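Data from input_24.txt: compact mmCIF, C-alpha atoms
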# COMPACT_ATOMS: atom_id res chain seq x y z
CA MET A 1 -9.53 15.87 31.24
CA THR A 2 -9.64 12.60 33.20
CA GLU A 3 -6.97 11.00 35.32
CA THR A 4 -6.44 7.51 36.70
CA SER A 5 -3.61 6.44 38.98
CA PRO A 6 -3.06 2.69 39.50
CA ALA A 7 -1.34 1.63 42.69
CA PRO A 8 2.45 1.97 42.60
CA GLU A 9 4.69 -1.10 42.58
CA HIS A 10 7.82 -1.45 44.72
CA GLY A 11 7.65 2.19 45.82
CA THR A 12 7.54 3.57 42.28
CA PRO A 13 5.24 6.59 41.82
CA PRO A 14 1.90 5.64 40.22
CA ALA A 15 1.35 5.86 36.49
CA THR A 16 -1.14 8.49 35.37
CA GLU A 17 -3.57 8.57 32.46
CA ILE A 18 -4.83 11.91 31.17
CA GLU A 19 -7.30 12.40 28.34
CA LEU A 20 -6.54 15.36 26.09
CA ALA A 21 -8.83 16.04 23.12
CA GLY A 22 -9.59 12.32 22.95
CA LEU A 23 -5.94 11.25 23.14
CA ARG A 24 -5.10 8.99 26.07
CA LEU A 25 -1.78 10.18 27.49
CA ARG A 26 -0.09 7.78 29.90
CA LEU A 27 2.79 9.00 32.03
CA VAL A 28 4.96 6.27 33.55
CA PRO A 29 7.45 7.48 36.20
CA VAL A 30 10.80 5.67 36.17
CA PRO A 31 12.79 7.42 38.95
CA TRP A 32 16.13 5.75 38.15
CA ALA A 33 15.99 6.36 34.38
CA ARG A 34 18.48 8.57 32.56
CA SER A 35 16.42 8.76 29.38
CA VAL A 36 12.82 9.16 28.28
CA GLY A 37 10.96 6.68 26.07
CA GLY A 38 7.76 7.37 24.19
CA CYS A 39 5.37 5.22 22.19
CA LEU A 40 2.34 6.30 20.18
CA ALA A 41 -0.01 3.41 19.41
CA VAL A 42 -2.53 4.19 16.68
CA ALA A 43 -5.49 1.81 16.28
CA CYS A 44 -4.99 1.44 12.54
CA GLY A 45 -3.12 -1.53 11.09
CA SER A 46 -2.87 -3.87 8.14
CA ARG A 47 -6.21 -5.50 8.86
CA ASP A 48 -7.78 -2.11 8.08
CA ASP A 49 -6.43 -2.09 4.52
CA PRO A 50 -9.19 -1.87 1.90
CA PRO A 51 -9.90 -5.35 0.48
CA THR A 52 -8.34 -4.45 -2.88
CA ALA A 53 -5.48 -2.30 -1.54
CA ALA A 54 -3.14 -4.33 0.67
CA SER A 55 -0.24 -2.29 2.17
CA THR A 56 -2.30 0.91 2.52
CA ALA A 57 -1.67 1.04 6.28
CA HIS A 58 2.04 0.40 5.75
CA LEU A 59 2.25 3.34 3.34
CA ALA A 60 0.33 5.52 5.80
CA GLU A 61 2.88 4.64 8.49
CA HIS A 62 5.78 5.80 6.33
CA VAL A 63 4.07 9.08 5.46
CA ARG A 64 3.01 9.96 9.00
CA ALA A 65 6.41 9.00 10.48
CA LEU A 66 7.89 11.86 8.44
CA SER A 67 5.29 14.38 9.56
CA GLY A 68 6.08 17.54 11.51
CA ALA A 69 8.58 20.28 10.86
CA GLY A 70 11.31 22.37 12.42
CA HIS A 71 13.49 21.64 15.43
CA VAL A 72 11.31 18.90 16.93
CA ARG A 73 11.32 16.78 13.80
CA ARG A 74 15.07 17.14 13.32
CA SER A 75 15.99 16.42 16.93
CA VAL A 76 13.73 13.42 17.69
CA PRO A 77 14.02 10.47 15.28
CA VAL A 78 10.98 8.17 15.17
CA PHE A 79 10.98 4.40 14.62
CA ALA A 80 7.70 3.12 13.15
CA GLN A 81 6.16 -0.32 12.70
CA THR A 82 2.86 -1.43 11.16
CA ASP A 83 1.24 -4.39 12.90
CA ILE A 84 -2.04 -6.12 12.21
CA ALA A 85 -4.32 -4.09 14.49
CA ARG A 86 -2.20 -1.01 15.20
CA THR A 87 0.76 1.06 14.11
CA LEU A 88 3.49 1.94 16.61
CA PHE A 89 5.73 5.00 16.61
CA ARG A 90 8.59 5.02 19.13
CA ALA A 91 11.24 7.52 20.14
CA THR A 92 13.80 8.09 22.87
CA ALA A 93 15.37 11.29 24.14
CA ALA A 94 17.31 12.82 27.00
CA PRO A 95 15.14 13.75 30.01
CA GLU A 96 15.40 17.47 29.25
CA ALA A 97 13.88 16.78 25.80
CA ALA A 98 10.79 14.95 27.10
CA ALA A 99 8.44 17.71 25.91
CA ASP A 100 10.00 17.66 22.42
CA LEU A 101 9.66 13.88 22.28
CA ALA A 102 5.96 14.05 23.17
CA ALA A 103 5.36 16.85 20.65
CA ARG A 104 7.14 14.87 17.93
CA LEU A 105 4.92 11.84 18.50
CA VAL A 106 1.76 13.97 18.56
CA ASP A 107 2.85 15.36 15.19
CA VAL A 108 2.45 11.83 13.80
CA LEU A 109 -1.29 12.35 14.24
CA GLY A 110 -1.09 15.94 13.03
CA ASP A 111 -4.08 16.74 10.84
CA ALA A 112 -4.04 13.17 9.44
CA SER A 113 -3.18 14.47 5.98
CA VAL A 114 -1.11 12.63 3.36
CA ASP A 115 1.46 14.56 1.37
CA GLU A 116 1.47 13.11 -2.12
CA ALA A 117 5.16 13.80 -2.77
CA THR A 118 6.14 12.09 0.49
CA LEU A 119 3.94 9.12 -0.36
CA GLU A 120 5.65 8.60 -3.70
CA SER A 121 9.12 8.96 -2.19
CA GLU A 122 8.31 6.31 0.43
CA ARG A 123 6.58 3.87 -1.91
CA THR A 124 9.90 2.32 -2.99
CA ALA A 125 10.93 1.75 0.64
CA VAL A 126 7.67 -0.10 1.33
CA GLU A 127 8.14 -2.16 -1.84
CA LEU A 128 11.60 -3.21 -0.70
CA GLU A 129 10.35 -4.19 2.76
CA THR A 130 7.52 -6.22 1.23
CA ALA A 131 9.78 -7.91 -1.32
CA ARG A 132 11.37 -9.98 1.46
CA MET A 133 8.17 -12.03 1.76
CA ASP A 134 7.96 -12.40 -2.02
CA SER A 135 11.39 -14.05 -1.98
CA SER A 136 10.38 -16.78 0.49
CA ALA A 137 6.89 -18.14 1.16
CA LEU A 138 8.12 -19.30 4.58
CA LEU A 139 8.06 -15.68 5.77
CA ARG A 140 4.28 -15.76 5.27
CA ALA A 141 3.80 -19.00 7.20
CA GLY A 142 3.04 -17.32 10.53
CA GLY A 143 0.08 -15.42 9.11
CA LEU A 144 -1.16 -18.48 7.22
CA PHE A 145 -1.32 -20.64 10.36
CA ALA A 146 -2.52 -17.84 12.64
CA ALA A 147 -5.49 -17.14 10.35
CA ALA A 148 -6.43 -20.82 10.49
CA ALA A 149 -6.08 -21.05 14.27
CA ALA A 150 -7.58 -17.78 15.52
CA ASP A 151 -11.14 -16.49 15.84
CA GLU A 152 -10.21 -12.85 15.24
CA PRO A 153 -10.18 -11.80 11.57
CA GLY A 154 -7.17 -10.25 9.86
CA MET A 155 -4.42 -12.53 11.19
CA ASP A 156 -3.01 -12.97 7.66
CA SER A 157 -3.34 -9.35 6.57
CA ILE A 158 0.43 -8.76 6.54
CA ALA A 159 1.26 -12.20 5.13
CA ARG A 160 -0.95 -11.70 2.07
CA THR A 161 0.70 -8.41 1.01
CA ARG A 162 2.86 -8.58 -2.14
CA ARG A 163 5.20 -6.12 -3.78
CA GLU A 164 2.85 -5.43 -6.69
CA ASP A 165 0.14 -4.43 -4.21
CA VAL A 166 2.24 -1.48 -3.04
CA ALA A 167 2.45 0.05 -6.51
CA ALA A 168 -1.33 -0.22 -6.97
CA VAL A 169 -2.35 1.73 -3.85
CA THR A 170 -3.56 5.24 -4.66
CA HIS A 171 -3.06 8.50 -2.82
CA ARG A 172 -6.80 8.68 -2.23
CA GLN A 173 -6.83 5.27 -0.53
CA VAL A 174 -3.96 6.19 1.79
CA ALA A 175 -5.55 9.55 2.58
CA ALA A 176 -8.92 7.96 3.37
CA LEU A 177 -7.42 5.35 5.70
CA THR A 178 -5.25 7.95 7.44
CA ALA A 179 -8.17 10.34 7.96
CA TRP A 180 -10.13 7.51 9.55
CA GLY A 181 -7.37 5.93 11.62
CA TYR A 182 -4.93 8.68 12.64
CA ARG A 183 -7.15 10.55 15.08
CA ALA A 184 -6.48 11.46 18.66
CA ASP A 185 -9.43 9.39 19.89
CA ARG A 186 -7.93 6.28 18.23
CA ALA A 187 -4.48 6.66 19.79
CA VAL A 188 -2.61 6.16 23.05
CA LEU A 189 0.59 8.06 23.81
CA ALA A 190 2.75 6.68 26.61
CA VAL A 191 5.85 8.46 27.91
CA ALA A 192 8.14 6.90 30.51
CA GLY A 193 11.07 8.51 32.29
CA PRO A 194 12.18 10.43 35.39
CA PRO A 195 9.19 12.02 37.16
CA GLU A 196 10.63 15.53 36.89
CA ALA A 197 11.00 15.10 33.12
CA LEU A 198 7.36 14.08 32.74
CA ARG A 199 5.95 17.25 34.31
CA ALA A 200 6.24 19.25 31.10
CA VAL A 201 4.69 16.56 28.89
CA PRO A 202 0.92 17.22 29.37
CA ASP A 203 1.21 20.91 28.47
CA ALA A 204 3.41 20.09 25.46
CA VAL A 205 0.89 17.52 24.23
CA ALA A 206 -2.08 19.83 24.76
CA ALA A 207 -0.35 22.64 22.88
CA ARG A 208 0.57 20.35 20.00
CA LEU A 209 -2.94 18.94 19.73
CA ALA A 210 -4.33 22.47 19.59
CA ARG A 211 -2.18 23.11 16.49
CA HIS A 212 -3.77 20.18 14.66
CA PRO A 213 -7.55 20.42 15.10
CA HIS A 214 -9.58 17.47 13.84
CA PRO A 215 -13.29 17.34 13.02
CA ALA A 216 -15.46 17.20 16.09
CA ALA A 217 -15.81 13.69 17.49
CA ALA A 218 -19.60 13.91 17.18
CA ALA A 219 -19.28 14.49 13.44
CA ARG A 220 -17.21 11.36 12.87
CA PRO A 221 -18.55 7.82 12.54
CA THR A 222 -17.75 5.71 15.58
CA ALA A 223 -18.40 2.27 14.10
CA ALA A 224 -15.40 0.05 13.63
CA ARG A 225 -14.01 -0.10 10.11
CA PRO A 226 -14.70 -3.50 8.53
CA THR A 227 -11.49 -5.49 8.23
CA ALA A 228 -10.14 -6.63 4.89
CA ALA A 229 -10.38 -10.24 6.11
CA ALA A 230 -14.17 -10.15 5.86
CA ALA A 231 -14.02 -9.59 2.09
CA THR A 232 -10.77 -11.32 1.13
CA PRO A 233 -10.43 -14.93 -0.08
CA ARG A 234 -8.53 -17.33 2.13
CA LEU A 235 -4.75 -17.14 1.77
CA ARG A 236 -3.21 -20.10 -0.06
CA LEU A 237 0.52 -20.90 -0.14
CA PRO A 238 1.10 -24.11 -2.18
CA ALA A 239 4.87 -23.60 -1.82
CA LEU A 240 4.48 -24.59 1.85
CA ASP A 241 2.76 -27.93 1.19
CA GLY A 242 3.86 -30.55 3.72
CA LEU A 243 4.92 -27.99 6.32
CA LEU A 244 3.93 -29.00 9.85
CA ALA A 245 3.02 -26.49 12.57
CA VAL A 246 1.75 -26.29 16.12
CA THR A 247 -0.22 -23.20 17.12
CA LEU A 248 -1.15 -21.84 20.52
CA THR A 249 -4.11 -19.46 20.32
CA ARG A 250 -4.41 -17.22 23.38
CA PRO A 251 -5.53 -13.78 24.55
CA ARG A 252 -2.94 -11.21 23.45
CA GLN A 253 -1.91 -10.25 26.97
CA ALA A 254 -2.12 -13.73 28.50
CA ALA A 255 0.86 -15.19 30.33
CA ASP A 256 0.85 -18.96 30.91
CA LEU A 257 3.98 -20.67 32.20
CA HIS A 258 2.77 -24.15 31.30
CA ALA A 259 2.17 -23.15 27.67
CA ARG A 260 5.53 -21.37 27.59
CA ALA A 261 7.22 -24.54 28.84
CA VAL A 262 5.44 -26.78 26.31
CA LEU A 263 6.37 -24.51 23.39
CA GLY A 264 9.90 -23.72 24.60
CA ASP A 265 13.13 -24.93 23.02
CA ARG A 266 13.49 -27.52 25.80
CA GLY A 267 9.81 -28.50 25.77
CA PRO A 268 8.08 -31.69 24.52
CA LEU A 269 7.18 -30.32 21.07
CA VAL A 270 10.73 -29.47 20.01
CA ALA A 271 11.94 -32.71 21.62
CA ALA A 272 9.44 -34.74 19.56
CA GLY A 273 10.89 -33.29 16.37
CA LEU A 274 14.47 -33.98 17.42
CA ARG A 275 13.63 -37.60 18.19
CA GLU A 276 12.37 -37.98 14.60
CA GLY A 277 15.37 -36.13 13.16
CA VAL A 278 13.25 -33.11 12.18
CA PRO A 279 14.60 -30.02 13.98
CA LEU A 280 12.40 -27.01 14.52
CA LEU A 281 12.40 -24.82 11.41
CA GLY A 282 11.27 -21.62 13.12
CA ARG A 283 8.86 -19.91 15.46
CA THR A 284 6.93 -16.66 15.50
CA THR A 285 4.05 -14.91 17.24
CA VAL A 286 1.27 -13.16 15.35
CA GLU A 287 -0.66 -10.56 17.39
CA ASN A 288 -4.01 -8.98 16.63
CA ALA A 289 -6.06 -6.61 18.80
CA GLU A 290 -7.35 -9.27 21.19
CA GLN A 291 -5.78 -12.58 20.25
CA ALA A 292 -2.26 -13.80 19.64
CA VAL A 293 -1.08 -17.03 18.03
CA ASP A 294 2.29 -18.61 18.77
CA VAL A 295 3.47 -20.70 15.79
CA LEU A 296 6.14 -23.43 15.66
CA CYS A 297 7.03 -24.93 12.24
CA TRP A 298 8.81 -28.06 11.02
CA LYS A 299 9.85 -28.46 7.39
CA PRO A 300 8.68 -31.31 5.15
CA ALA A 301 11.18 -34.14 5.62
CA GLY A 302 11.48 -37.91 5.45
CA ASN A 303 10.25 -38.36 9.03
CA ASN A 304 7.62 -35.65 8.79
CA ARG A 305 4.77 -38.18 8.78
CA GLN A 306 5.96 -39.84 11.98
CA LEU A 307 6.38 -36.44 13.59
CA ALA A 308 2.80 -35.56 12.65
CA GLU A 309 1.70 -38.62 14.62
CA HIS A 310 3.71 -37.64 17.72
CA LEU A 311 3.01 -33.90 17.91
CA PRO A 312 -0.66 -34.24 18.96
CA ALA A 313 0.36 -36.37 21.94
CA ALA A 314 3.08 -33.86 22.84
CA CYS A 315 0.44 -31.11 22.82
CA THR A 316 -1.57 -32.89 25.50
CA ALA A 317 1.42 -33.43 27.80
CA GLN A 318 0.33 -32.35 31.26
CA GLU A 319 3.77 -32.31 32.77
CA ALA A 320 7.04 -30.74 31.77
CA ASP A 321 10.46 -31.43 33.15
CA ASP A 322 11.24 -29.32 36.23
CA THR A 323 14.23 -27.82 34.40
CA VAL A 324 12.00 -26.81 31.49
CA ARG A 325 9.52 -25.18 33.84
CA GLU A 326 12.28 -23.29 35.62
CA LEU A 327 13.69 -22.04 32.30
CA ALA A 328 10.23 -20.82 31.31
CA ALA A 329 9.78 -19.07 34.66
CA ARG A 330 13.24 -17.50 34.39
CA GLN A 331 12.48 -16.19 30.91
CA ALA A 332 9.24 -14.68 32.19
CA ARG A 333 11.14 -12.98 35.02
CA HIS A 334 13.72 -11.59 32.60
CA GLU A 335 10.99 -10.17 30.36
CA HIS A 336 9.30 -8.58 33.37
CA ALA A 337 12.62 -7.08 34.48
CA PHE A 338 13.13 -5.61 31.02
CA THR A 339 9.71 -3.96 30.99
CA THR A 340 10.29 -2.70 34.53
CA HIS A 341 13.70 -1.11 34.06
CA THR A 342 13.78 0.26 30.51
CA PRO A 343 11.88 3.50 29.82
CA MET A 344 11.30 2.60 26.16
CA ALA A 345 9.94 -0.82 27.07
CA GLN A 346 7.74 0.67 29.79
CA ALA A 347 6.32 3.17 27.32
CA LEU A 348 5.63 0.40 24.80
CA ALA A 349 3.92 -1.78 27.41
CA ALA A 350 1.82 1.13 28.64
CA ALA A 351 0.75 2.09 25.13
CA LEU A 352 -0.36 -1.46 24.34
CA ASP A 353 -2.10 -2.13 27.65
CA ASP A 354 -5.83 -1.56 27.39
CA PRO A 355 -7.54 -3.28 30.33
CA ALA A 356 -10.74 -1.26 29.90
CA ALA A 357 -11.29 -2.37 26.28
CA PRO A 358 -14.22 -4.76 25.73
CA ARG A 359 -13.20 -8.37 25.17
CA ARG A 360 -15.40 -9.85 22.46
CA ILE A 361 -13.25 -12.95 21.97
CA THR A 362 -12.70 -15.16 24.98
CA GLY A 363 -11.87 -18.77 25.68
CA ARG A 364 -9.17 -21.10 26.91
CA LEU A 365 -5.73 -21.51 25.42
CA ARG A 366 -5.91 -23.75 22.37
CA LEU A 367 -3.09 -25.94 21.04
CA ALA A 368 -3.53 -27.30 17.50
CA VAL A 369 -1.45 -29.23 14.97
CA TRP A 370 -1.57 -28.41 11.24
CA ARG A 371 -0.21 -29.72 7.96
CA VAL A 372 -0.30 -27.58 4.81
CA THR A 373 -2.17 -29.31 1.97
CA ASP A 374 -2.90 -27.56 -1.34
CA GLY A 375 -1.67 -24.35 0.24
CA ILE A 376 -4.09 -24.43 3.19
CA PRO A 377 -3.45 -25.57 6.80
CA VAL A 378 -5.43 -28.74 7.53
CA PRO A 379 -5.89 -29.73 11.20
CA VAL A 380 -4.25 -32.89 12.51
CA PRO A 381 -6.51 -34.37 15.21
CA VAL A 382 -5.29 -33.84 18.77
CA PRO A 383 -6.61 -36.26 21.39
CA ALA A 384 -8.59 -34.73 24.24
CA GLY A 385 -6.41 -34.29 27.29

Could I get this file's structure written as structure tokens?
Amino acid sequence: MTETSPAPEHGTPPATEIELAGLRLRLVPVPWARSVGGCLAVACGSRDDPPTAASTAHLAEHVRALSGAGHVRRSVPVFAQTDIARTLFRATAAPEAAADLAARLVDVLGDASVDEATLESERTAVELETARMDSSALLRAGGLFAAAAADEPGMDSIARTRREDVAAVTHRQVAALTAWGYRADRAVLAVAGPPEALRAVPDAVAARLARHPHPAAAARPTAARPTAAAATPRLRLPALDGLLAVTLTRPRQAADLHARAVLGDRGPLVAAGLREGVPLLGRTTVENAEQAVDVLCWKPAGNNRQLAEHLPAACTAQEADDTVRELAARQARHEHAFTTHTPMAQALAAALDDPAAPRRITGRLRLAVWRVTDGIPVPVPVPAG
């Protein structure tokens, strides 16, 4: 068992990290809270799908979210989400149920088994969720541009999944991915709430882990699983031809007020589109393990060509209006306040924070302009600035 206690902020008791059977348990005291929030982050996501079995991680999420039995499973609902590099399981409870909440989330790891009947019952749900992207290629645009802009592989792993892929995934493939990814040493469990409610959590977690023994860590391979991106052809979306986009490639946990101001709704990029009569079509952020890509899109339109000429100059703008900067700073403060005062948000932030992890991909923030041609983003030159 190891413990670390970062310095407290504004008089709040320090957060604590405890290692139990390989699982990193983070306890985040929130003295004023009237609820408890928990988040289990498992280092297994869509980029870990086998090259010929897209949606395997998504199916694993559905199966493991329904794991467990008895009172704990019935009393603590779990919300689950498959991302590119990880899968998140979240739950909230009353302070007196903090131990049950922690036990319920540990049950997601369980023995990493896959019940075949549960898999088949959940397959239709995954098909329906995936069908949304089949109905509109625009919903895949974020992954398309992020894969072109980023250095980290797997940015388009969710975007390339189609409904027919879900039906083709076998029980064996889901079981193999789950056995590899859903282990205590690949997970972080964060629980945030009143300090007195957190006292029972470590014992509850240790007891639950003891009920679900895994193979010894020494007997398991430690090498990273190769991502599907390494063996998958580049994603093409001809339906998006002519679409313009600006991407900001950055470290996942980076915060940059200047970039926020440039990309904001009152910033120079959106303003450039409005001047040409081409309003912003949409925006999204695609996050991987180490990098994130912010994407802004403009639809093909009569003035699209003129806009393509103006966006590169807008990207190199060194100054933003004082009002725009203040709005960006205010938004950052609001986000910080949310993560400071909400137990669920604090648990999520703690589960995703990994300052000790090695950073293999580094570099400055990168703004780029793209136009889709023959289904592939093609860079539009941006002058040095």

For Arg73 (chain A), which residue among A:Ala350, A:Ala103, A:Ala187, A:Ala94 is the nearest when counting only C-alpha atoms? A:Ala103

Neighbour list for Pro251 (chain A) as a CSV table (one decimal) with C-alpha atoms, keeping the file's coordinate frame, cut-off 6 Å, all atoms listed in the file, skip fewer than 6 positions in-chain:
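selection34.csv, written as the output of this step:
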chain,number,residue,atom,x,y,z
A,290,GLU,CA,-7.4,-9.3,21.2
A,291,GLN,CA,-5.8,-12.6,20.2
A,292,ALA,CA,-2.3,-13.8,19.6

Atomic distance CA of Arg24 (chain A) - CA of Arg172 (chain A), expressed in Å with one decimal: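 Rounded to one decimal, the two atoms are 28.4 Å apart.
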
Residues near Val42 (chain A), anyone? I mean within 12 Å using all atoms listed in the file, not counting same-chain ones fewer than 3 positions away, as a ChimeraX atom specification. /A:23-24,39,45-46,48,57,60-61,64-65,80-90,105-106,108-109,112,178,180-190,289,351-352

Those residues with C-alpha atoms, as a PDB file, keeping the file's coordinate frame please?
ATOM      1  CA  LEU A  23      -5.940  11.250  23.140  1.00  0.00           C
ATOM      2  CA  ARG A  24      -5.100   8.990  26.070  1.00  0.00           C
ATOM      3  CA  CYS A  39       5.370   5.220  22.190  1.00  0.00           C
ATOM      4  CA  GLY A  45      -3.120  -1.530  11.090  1.00  0.00           C
ATOM      5  CA  SER A  46      -2.870  -3.870   8.140  1.00  0.00           C
ATOM      6  CA  ASP A  48      -7.780  -2.110   8.080  1.00  0.00           C
ATOM      7  CA  ALA A  57      -1.670   1.040   6.280  1.00  0.00           C
ATOM      8  CA  ALA A  60       0.330   5.520   5.800  1.00  0.00           C
ATOM      9  CA  GLU A  61       2.880   4.640   8.490  1.00  0.00           C
ATOM     10  CA  ARG A  64       3.010   9.960   9.000  1.00  0.00           C
ATOM     11  CA  ALA A  65       6.410   9.000  10.480  1.00  0.00           C
ATOM     12  CA  ALA A  80       7.700   3.120  13.150  1.00  0.00           C
ATOM     13  CA  GLN A  81       6.160  -0.320  12.700  1.00  0.00           C
ATOM     14  CA  THR A  82       2.860  -1.430  11.160  1.00  0.00           C
ATOM     15  CA  ASP A  83       1.240  -4.390  12.900  1.00  0.00           C
ATOM     16  CA  ILE A  84      -2.040  -6.120  12.210  1.00  0.00           C
ATOM     17  CA  ALA A  85      -4.320  -4.090  14.490  1.00  0.00           C
ATOM     18  CA  ARG A  86      -2.200  -1.010  15.200  1.00  0.00           C
ATOM     19  CA  THR A  87       0.760   1.060  14.110  1.00  0.00           C
ATOM     20  CA  LEU A  88       3.490   1.940  16.610  1.00  0.00           C
ATOM     21  CA  PHE A  89       5.730   5.000  16.610  1.00  0.00           C
ATOM     22  CA  ARG A  90       8.590   5.020  19.130  1.00  0.00           C
ATOM     23  CA  LEU A 105       4.920  11.840  18.500  1.00  0.00           C
ATOM     24  CA  VAL A 106       1.760  13.970  18.560  1.00  0.00           C
ATOM     25  CA  VAL A 108       2.450  11.830  13.800  1.00  0.00           C
ATOM     26  CA  LEU A 109      -1.290  12.350  14.240  1.00  0.00           C
ATOM     27  CA  ALA A 112      -4.040  13.170   9.440  1.00  0.00           C
ATOM     28  CA  THR A 178      -5.250   7.950   7.440  1.00  0.00           C
ATOM     29  CA  TRP A 180     -10.130   7.510   9.550  1.00  0.00           C
ATOM     30  CA  GLY A 181      -7.370   5.930  11.620  1.00  0.00           C
ATOM     31  CA  TYR A 182      -4.930   8.680  12.640  1.00  0.00           C
ATOM     32  CA  ARG A 183      -7.150  10.550  15.080  1.00  0.00           C
ATOM     33  CA  ALA A 184      -6.480  11.460  18.660  1.00  0.00           C
ATOM     34  CA  ASP A 185      -9.430   9.390  19.890  1.00  0.00           C
ATOM     35  CA  ARG A 186      -7.930   6.280  18.230  1.00  0.00           C
ATOM     36  CA  ALA A 187      -4.480   6.660  19.790  1.00  0.00           C
ATOM     37  CA  VAL A 188      -2.610   6.160  23.050  1.00  0.00           C
ATOM     38  CA  LEU A 189       0.590   8.060  23.810  1.00  0.00           C
ATOM     39  CA  ALA A 190       2.750   6.680  26.610  1.00  0.00           C
ATOM     40  CA  ALA A 289      -6.060  -6.610  18.800  1.00  0.00           C
ATOM     41  CA  ALA A 351       0.750   2.090  25.130  1.00  0.00           C
ATOM     42  CA  LEU A 352      -0.360  -1.460  24.340  1.00  0.00           C
TER      43      LEU A 352
END

When you look at Cys315 (chain A) with a cut-off of 8 Å (counting all atoms listed in the file), what residues show up, excluding the ones that are within fewer than 3 positions of it in the same chain? I need them as a ChimeraX atom specification. /A:262,268-269,311-312,367-368,382
